>>> print(open('upload-v5.tsv').read())   # TSV, C-alpha atoms and all ligand atoms
chain	number	residue	atom	x	y	z
A	88	MET	CA	108.83	74.52	-134.03
A	89	THR	CA	108.83	70.86	-133.00
A	90	ASP	CA	109.70	68.13	-135.51
A	91	SER	CA	106.05	67.11	-135.71
A	92	PRO	CA	104.04	70.29	-135.25
A	93	THR	CA	100.44	70.37	-134.10
A	94	ILE	CA	98.48	71.69	-137.07
A	95	ALA	CA	95.17	73.54	-136.94
A	96	VAL	CA	93.01	73.62	-140.05
A	97	LEU	CA	90.67	76.61	-139.87
A	98	GLY	CA	87.61	75.74	-141.93
A	99	GLY	CA	88.63	72.09	-141.57
A	100	THR	CA	84.91	71.28	-141.59
A	101	GLY	CA	84.85	72.00	-145.33
A	102	ASP	CA	86.06	70.35	-148.51
A	103	LEU	CA	89.68	71.47	-148.86
A	104	GLY	CA	90.36	71.73	-145.13
A	105	GLY	CA	88.74	68.38	-144.47
A	106	GLY	CA	90.89	66.77	-147.16
A	107	LEU	CA	94.08	68.33	-145.82
A	108	ALA	CA	93.16	67.31	-142.27
A	109	TRP	CA	92.59	63.73	-143.48
A	110	GLN	CA	95.98	63.62	-145.17
A	111	LEU	CA	97.72	65.22	-142.18
A	112	ALA	CA	96.13	62.76	-139.76
A	113	GLN	CA	97.21	59.81	-141.93
A	114	ALA	CA	100.74	61.23	-142.05
A	115	GLY	CA	100.84	61.15	-138.24
A	116	TYR	CA	100.39	64.83	-137.42
A	117	THR	CA	98.37	66.01	-134.43
A	118	VAL	CA	95.44	67.75	-136.11
A	119	ILE	CA	92.95	70.27	-134.76
A	120	ILE	CA	89.82	71.06	-136.76
A	121	GLY	CA	88.83	74.73	-136.51
A	122	SER	CA	85.40	76.15	-137.20
A	123	ARG	CA	83.38	79.26	-136.53
A	124	ALA	CA	81.18	77.02	-134.38
A	125	LEU	CA	82.65	74.78	-131.67
A	126	GLU	CA	79.99	72.09	-132.05
A	127	LYS	CA	80.58	71.86	-135.81
A	128	ALA	CA	84.33	71.55	-135.19
A	129	GLU	CA	83.78	68.78	-132.65
A	130	THR	CA	81.49	66.86	-135.00
A	131	ALA	CA	83.97	67.08	-137.88
A	132	ALA	CA	86.85	66.12	-135.56
A	133	ALA	CA	84.95	63.06	-134.31
A	134	ALA	CA	84.27	61.95	-137.88
A	135	LEU	CA	87.92	62.37	-138.84
A	136	ALA	CA	89.06	60.61	-135.69
A	137	GLU	CA	86.93	57.61	-136.60
A	138	ARG	CA	88.13	57.59	-140.19
A	139	ALA	CA	91.81	58.00	-139.31
A	140	GLY	CA	91.72	55.85	-136.19
A	141	LYS	CA	93.34	58.48	-134.00
A	142	HIS	CA	92.43	61.33	-131.68
A	143	VAL	CA	91.48	64.61	-133.40
A	144	ARG	CA	90.38	67.75	-131.54
A	145	GLY	CA	87.76	70.23	-132.70
A	146	LEU	CA	87.89	73.83	-131.49
A	147	ALA	CA	86.57	77.26	-132.39
A	148	ASN	CA	88.96	78.92	-134.87
A	149	PRO	CA	90.74	81.25	-132.40
A	150	ASP	CA	91.29	78.43	-129.89
A	151	ALA	CA	92.42	76.06	-132.64
A	152	ALA	CA	94.94	78.64	-133.87
A	153	ALA	CA	96.18	79.26	-130.32
A	154	ALA	CA	96.69	75.55	-129.64
A	155	ALA	CA	98.62	74.90	-132.87
A	156	ASP	CA	102.24	75.35	-133.93
A	157	LEU	CA	101.25	75.81	-137.56
A	158	VAL	CA	97.91	77.06	-138.86
A	159	ILE	CA	96.29	76.36	-142.23
A	160	MET	CA	93.31	78.45	-143.32
A	161	THR	CA	90.81	77.01	-145.83
A	162	VAL	CA	87.76	79.26	-145.95
A	163	PRO	CA	85.86	80.97	-148.80
A	164	PHE	CA	87.19	84.39	-149.76
A	165	ALA	CA	83.98	85.98	-148.44
A	166	SER	CA	85.14	84.89	-144.97
A	167	HIS	CA	88.84	85.61	-145.46
A	168	LYS	CA	89.06	88.91	-143.61
A	169	PRO	CA	86.75	88.06	-140.67
A	170	THR	CA	88.56	84.74	-140.15
A	171	LEU	CA	91.95	86.48	-140.18
A	172	GLU	CA	90.70	89.05	-137.67
A	173	SER	CA	89.39	86.31	-135.39
A	174	VAL	CA	92.80	84.59	-135.18
A	175	ARG	CA	95.21	87.53	-135.56
A	176	ALA	CA	96.37	87.45	-131.94
A	177	ALA	CA	96.61	83.66	-131.81
A	178	VAL	CA	98.87	83.28	-134.85
A	179	GLN	CA	101.54	85.82	-133.95
A	180	GLY	CA	105.00	84.27	-134.36
A	181	LYS	CA	103.62	81.25	-136.23
A	182	ILE	CA	103.58	79.95	-139.78
A	183	PHE	CA	100.19	80.70	-141.29
A	184	VAL	CA	99.33	78.82	-144.46
A	185	ASP	CA	96.70	80.48	-146.62
A	186	ALA	CA	94.95	78.31	-149.21
A	187	THR	CA	92.29	80.88	-150.01
A	188	VAL	CA	91.39	81.56	-153.62
A	189	PRO	CA	89.75	84.96	-154.06
A	190	LEU	CA	86.79	83.64	-156.02
A	191	VAL	CA	83.83	85.96	-156.46
A	192	PRO	CA	80.72	83.82	-157.05
A	193	PRO	CA	78.97	83.29	-159.31
A	194	LYS	CA	81.78	84.04	-161.81
A	195	VAL	CA	84.33	81.62	-160.35
A	196	MET	CA	85.80	80.78	-163.77
A	197	ARG	CA	86.94	84.38	-164.19
A	198	VAL	CA	90.07	85.73	-162.48
A	199	GLN	CA	89.00	88.53	-160.12
A	200	MET	CA	91.90	89.47	-157.88
A	201	PRO	CA	91.28	91.53	-154.76
A	202	GLN	CA	92.44	95.08	-154.18
A	203	GLY	CA	95.46	93.95	-152.15
A	204	GLY	CA	96.79	91.95	-155.13
A	205	SER	CA	96.11	88.49	-153.70
A	206	ALA	CA	94.40	86.83	-150.74
A	207	ALA	CA	97.78	85.82	-149.30
A	208	ARG	CA	99.16	89.37	-149.59
A	209	GLU	CA	96.06	90.62	-147.77
A	210	SER	CA	96.68	88.00	-145.06
A	211	GLN	CA	100.26	89.17	-144.62
A	212	ASP	CA	99.16	92.80	-144.42
A	213	LEU	CA	96.39	92.11	-141.93
A	214	LEU	CA	98.30	89.68	-139.70
A	215	GLY	CA	101.51	91.71	-139.69
A	216	GLU	CA	105.17	90.91	-140.31
A	217	ASN	CA	105.45	88.81	-137.12
A	218	VAL	CA	103.34	86.13	-138.83
A	219	ARG	CA	105.07	84.05	-141.50
A	220	VAL	CA	102.36	83.83	-144.14
A	221	VAL	CA	102.86	81.10	-146.72
A	222	SER	CA	100.40	80.42	-149.52
A	223	ALA	CA	99.85	76.89	-150.83
A	224	PHE	CA	97.34	74.29	-152.04
A	225	GLN	CA	95.23	76.63	-154.22
A	226	ASN	CA	95.67	74.32	-157.21
A	227	VAL	CA	94.91	71.02	-155.46
A	228	ALA	CA	91.34	69.78	-155.83
A	229	ALA	CA	89.73	68.82	-152.53
A	230	ASP	CA	88.38	65.57	-154.01
A	231	HIS	CA	91.94	64.29	-154.46
A	232	LEU	CA	92.81	65.07	-150.85
A	233	ASN	CA	89.61	63.50	-149.53
A	234	ALA	CA	90.00	60.24	-151.45
A	235	ASP	CA	90.89	57.03	-149.63
A	236	ASP	CA	93.36	56.17	-152.38
A	237	ALA	CA	94.63	59.67	-153.16
A	238	TYR	CA	97.24	59.87	-155.95
A	239	LEU	CA	98.71	63.12	-154.72
A	240	ASP	CA	101.99	62.82	-156.60
A	241	GLN	CA	99.98	64.12	-159.57
A	242	CYS	CA	99.38	67.39	-157.67
A	243	ASP	CA	102.04	70.10	-157.76
A	244	VAL	CA	101.90	72.86	-155.16
A	245	LEU	CA	103.28	76.37	-155.64
A	246	VAL	CA	104.49	77.61	-152.25
A	247	CYS	CA	104.90	81.39	-151.84
A	248	GLY	CA	105.95	83.45	-148.84
A	249	ASN	CA	108.48	86.05	-147.77
A	250	ASP	CA	110.26	83.81	-145.25
A	251	PRO	CA	112.31	81.11	-147.03
A	252	GLU	CA	112.44	78.87	-143.94
A	253	ALA	CA	108.68	78.99	-143.49
A	254	ARG	CA	108.29	78.22	-147.19
A	255	GLU	CA	110.64	75.26	-146.79
A	256	THR	CA	108.55	73.95	-143.89
A	257	VAL	CA	105.43	74.03	-146.07
A	258	VAL	CA	107.24	72.50	-149.06
A	259	ARG	CA	108.36	69.61	-146.83
A	260	LEU	CA	104.94	69.25	-145.27
A	261	SER	CA	103.33	69.04	-148.71
A	262	GLU	CA	105.90	66.47	-149.78
A	263	GLU	CA	105.22	64.39	-146.67
A	264	LEU	CA	101.58	64.31	-147.74
A	265	GLY	CA	102.70	62.96	-151.11
A	266	MET	CA	102.43	66.12	-153.21
A	267	CYS	CA	105.15	67.67	-155.32
A	268	ALA	CA	105.83	71.14	-153.90
A	269	TRP	CA	107.94	74.01	-155.17
A	270	HIS	CA	109.34	77.23	-153.76
A	271	ALA	CA	107.60	79.83	-155.92
A	272	GLY	CA	108.86	83.11	-154.48
A	273	PRO	CA	107.57	85.87	-152.20
A	274	VAL	CA	104.02	86.22	-150.98
A	275	ASP	CA	103.10	88.55	-153.85
A	276	ASN	CA	103.66	85.64	-156.25
A	277	ALA	CA	100.67	83.92	-154.65
A	278	ALA	CA	98.60	85.96	-157.12
A	279	VAL	CA	99.64	83.48	-159.82
A	280	ALA	CA	98.61	80.35	-157.92
A	281	GLU	CA	95.38	81.98	-156.79
A	282	SER	CA	94.41	83.19	-160.25
A	283	LEU	CA	95.33	79.83	-161.83
A	284	THR	CA	92.49	78.22	-159.90
A	285	SER	CA	89.84	80.00	-161.96
A	286	VAL	CA	91.58	78.66	-165.08
A	287	LEU	CA	91.48	75.13	-163.63
A	288	ILE	CA	87.78	75.47	-162.72
A	289	PHE	CA	87.10	76.61	-166.29
A	290	MET	CA	88.99	73.60	-167.64
A	291	ASN	CA	87.16	71.21	-165.31
A	292	LYS	CA	83.93	72.41	-166.87
A	293	ARG	CA	85.14	72.61	-170.46
A	294	TYR	CA	86.85	69.20	-170.52
A	295	LYS	CA	84.79	67.46	-167.80
A	296	PHE	CA	87.93	66.90	-165.70
A	297	PRO	CA	87.19	65.60	-162.20
A	298	GLY	CA	89.80	67.97	-160.69
A	299	ALA	CA	92.49	69.58	-162.83
A	300	GLY	CA	95.80	70.51	-161.25
A	301	ILE	CA	99.22	71.68	-162.38
A	302	LYS	CA	102.53	69.97	-163.06
A	303	ILE	CA	105.82	71.88	-163.26
A	304	MET	CA	108.12	70.83	-166.09
A	305	ALA	CA	111.75	71.31	-165.14
A	306	GLY	CA	113.00	71.40	-168.72
A	307	LYS	CA	116.17	69.87	-170.17
A	308	ALA	CA	119.63	71.11	-169.32
A	309	ALA	CA	121.23	72.93	-172.29
A	401	LIG	N1	87.44	72.89	-152.74
A	401	LIG	C1	88.57	72.84	-153.47
A	401	LIG	O1	88.79	71.91	-154.26
A	401	LIG	C2	89.59	73.93	-153.32
A	401	LIG	C3	90.84	73.77	-153.93
A	401	LIG	C4	91.80	74.75	-153.78
A	401	LIG	C5	91.52	75.89	-153.04
A	401	LIG	N2	90.29	76.04	-152.47
A	401	LIG	C6	90.04	77.24	-151.68
A	401	LIG	O2	90.06	76.86	-150.30
A	401	LIG	C7	89.08	77.61	-149.59
A	401	LIG	C8	88.08	76.64	-148.98
A	401	LIG	O3	87.42	75.97	-150.01
A	401	LIG	P1	86.35	74.84	-149.69
A	401	LIG	O4	85.88	74.32	-150.99
A	401	LIG	O5	86.90	73.91	-148.70
A	401	LIG	O6	85.19	75.70	-149.03
A	401	LIG	P2	83.92	75.24	-148.23
A	401	LIG	O7	83.92	73.78	-148.04
A	401	LIG	O8	82.74	75.89	-148.86
A	401	LIG	O9	84.13	76.00	-146.83
A	401	LIG	C9	85.17	75.68	-145.96
A	401	LIG	C10	84.78	76.11	-144.58
A	401	LIG	O10	84.84	77.51	-144.48
A	401	LIG	C11	84.01	77.92	-143.39
A	401	LIG	N3	83.33	79.16	-143.75
A	401	LIG	C12	83.62	80.36	-143.26
A	401	LIG	N4	82.85	81.29	-143.80
A	401	LIG	C13	82.03	80.69	-144.67
A	401	LIG	C14	81.01	81.15	-145.52
A	401	LIG	N5	80.71	82.45	-145.63
A	401	LIG	N6	80.39	80.25	-146.28
A	401	LIG	C15	80.70	78.94	-146.20
A	401	LIG	N7	81.68	78.45	-145.39
A	401	LIG	C16	82.34	79.33	-144.62
A	401	LIG	C17	83.07	76.78	-143.10
A	401	LIG	O11	83.47	76.27	-141.85
A	401	LIG	P3	82.70	76.58	-140.50
A	401	LIG	O12	81.25	76.80	-140.84
A	401	LIG	O13	82.93	75.32	-139.76
A	401	LIG	O14	83.34	77.76	-139.93
A	401	LIG	C18	83.35	75.77	-144.19
A	401	LIG	O15	83.25	74.44	-143.75
A	401	LIG	C19	88.46	78.57	-150.59
A	401	LIG	O16	89.14	79.79	-150.53
A	401	LIG	C20	88.69	77.87	-151.91
A	401	LIG	O17	88.68	78.75	-153.00
A	401	LIG	C21	89.33	75.07	-152.57
>>> encode(input="upload-v5.tsv", output="structure tokens", more="lines below")
Ligand SMILES: NC(=O)c1ccc[n+]([C@@H]2O[C@H](COP(=O)([O-])OP(=O)(O)OC[C@H]3O[C@@H](n4cnc5c(N)ncnc54)[C@H](OP(=O)(O)O)[C@@H]3O)[C@@H](O)[C@H]2O)c1
Amino acid sequence: MTDSPTIAVLGGTGDLGGGLAWQLAQAGYTVIIGSRALEKAETAAAALAERAGKHVRGLANPDAAAAADLVIMTVPFASHKPTLESVRAAVQGKIFVDATVPLVPPKVMRVQMPQGGSAARESQDLLGENVRVVSAFQNVAADHLNADDAYLDQCDVLVCGNDPEARETVVRLSEELGMCAWHAGPVDNAAVAESLTSVLIFMNKRYKFPGAGIKIMAGKAA
């Protein structure tokens, strides 16, 4: 991969993807907004281009994935499998970042993990071993990413995936965007980050938080 990869955000028309795309564009990355509908992608890309003051392309998801070095998927769990199927061929050999939380509306404050164990595990199974699936960003509220004056150092990111180098790429990418990111083990460990989101949504409601996140405490040396 090049030093500054072209990054496609599938579902970049939405809240989380739009926020990530905004942060990536500000950090100097070449960003492609992906959507199920080309026109919607182009509209979102034009809006981001104006906001960021740089060129942003909008493409249908499979074309966006094909044109990118690294692909980030930010779609609702209901669309997880069809979106994966639509880009399976295009992401072979690439790093594929899955931010999906397997929420089952309306009970989004209750942990309801899918049959495969986690959304990221299901991505790895469906895309195959030639795709380096890395899970990240499930515990970062979109509002923080979308803000003009984002204070992202308050947001820790658990990064899971079977390929340590791919994980490292995503840890560094997150850090470049100003977040605090951690290697958190193999793709199966994504179940923890994914399930934590329902806890955070519950806490947002219970304590009226604008967007709870997590912070890892390293602990004191003995
Ligand atoms: N929002 C957050 O704060 C947050 C934080 C952490 C993780 N997440 C996770 O990130 C993923 C995206 O969340 P989001 O809040 O960004 O979602 P969203 O805004 O509702 O949707 C993101 C995009 O997904 C596409 N999409 C595909 N199938 C869809 C469907 N059946 N219904 C609606 N949109 C569909 C849409 O793009 P096109 O129509 O252009 O294809 C939409 O713009 C979810 O898995 C969520 O749990 C969200």
>>> residues_near_ligand(input="upload-v5.tsv", ligand="ligand LIG 401 (chain A)", cutoff="6 Å", atoms="all atoms listed in the file", output="PyMOL selection string")
chain A and resi 98+100-104+122-124+127+161-166+186-188+224-229
>>> residues_around(input="upload-v5.tsv", residues="region 148-156 of chain A", least_positions_apart="3", cutoff="10 Å", atoms="only C-alpha atoms", output="PyMOL selection string")
chain A and resi 88-89+91-99+117-125+128+144-145+159-160+170-183
>>> atom_distance(input="upload-v5.tsv", atom1="CA of Ala305 (chain A)", atom2="CA of Val184 (chain A)")
25.3 Å
>>> atom_distance(input="upload-v5.tsv", atom1="CA of Val246 (chain A)", atom2="CA of Ala268 (chain A)")
6.8 Å
>>> closest_residue(input="upload-v5.tsv", among="A:Val257, A:Val274, A:Ala237, A:Val244", to="Ser210 (chain A)", atoms="all atoms listed in the file")
A:Val274
>>> atom_distance(input="upload-v5.tsv", atom1="CA of Gly140 (chain A)", atom2="CA of Gly105 (chain A)")
15.3 Å
>>> closest_residue(input="upload-v5.tsv", among="A:Gly248, A:Leu135, A:Arg208, A:Gly265", to="Asp236 (chain A)", atoms="only C-alpha atoms")
A:Gly265
>>> closest_residue(input="upload-v5.tsv", among="A:Met200, A:Val221, A:Leu239, A:Val158", to="Lys302 (chain A)", atoms="all atoms listed in the file")
A:Leu239
>>> closest_residue(input="upload-v5.tsv", among="A:Ala114, A:Ile303, A:Leu157, A:Ala278", to="Glu209 (chain A)", atoms="only C-alpha atoms")
A:Ala278
>>> residues_around(input="upload-v5.tsv", residues="Ala277 (chain A)", least_positions_apart="4", cutoff="9 Å", atoms="all atoms listed in the file", output="list in words")
Gly204, Ser205, Ala206, Ala207, Arg208, Val221, Ser222, Ala223, Leu245, Val246, Cys247, Gly248, Ala271, Gly272, Pro273, Glu281 and Ser282 of chain A
>>> write_last_selection(input="upload-v5.tsv", atoms="C-alpha atoms", output="compact mmCIF listing (two decimals), in the frame of the given file")
# COMPACT_ATOMS: atom_id res chain seq x y z
CA GLY A 204 96.79 91.95 -155.13
CA SER A 205 96.11 88.49 -153.70
CA ALA A 206 94.40 86.83 -150.74
CA ALA A 207 97.78 85.82 -149.30
CA ARG A 208 99.16 89.37 -149.59
CA VAL A 221 102.86 81.10 -146.72
CA SER A 222 100.40 80.42 -149.52
CA ALA A 223 99.85 76.89 -150.83
CA LEU A 245 103.28 76.37 -155.64
CA VAL A 246 104.49 77.61 -152.25
CA CYS A 247 104.90 81.39 -151.84
CA GLY A 248 105.95 83.45 -148.84
CA ALA A 271 107.60 79.83 -155.92
CA GLY A 272 108.86 83.11 -154.48
CA PRO A 273 107.57 85.87 -152.20
CA GLU A 281 95.38 81.98 -156.79
CA SER A 282 94.41 83.19 -160.25
>>> closest_residue(input="upload-v5.tsv", among="A:Leu107, A:Asp250, A:Ala112, A:Cys242", to="Val218 (chain A)", atoms="all atoms listed in the file")
A:Asp250
>>> closest_residue(input="upload-v5.tsv", among="A:Arg138, A:Thr130, A:Ser261, A:Leu213", to="Ala234 (chain A)", atoms="all atoms listed in the file")
A:Arg138
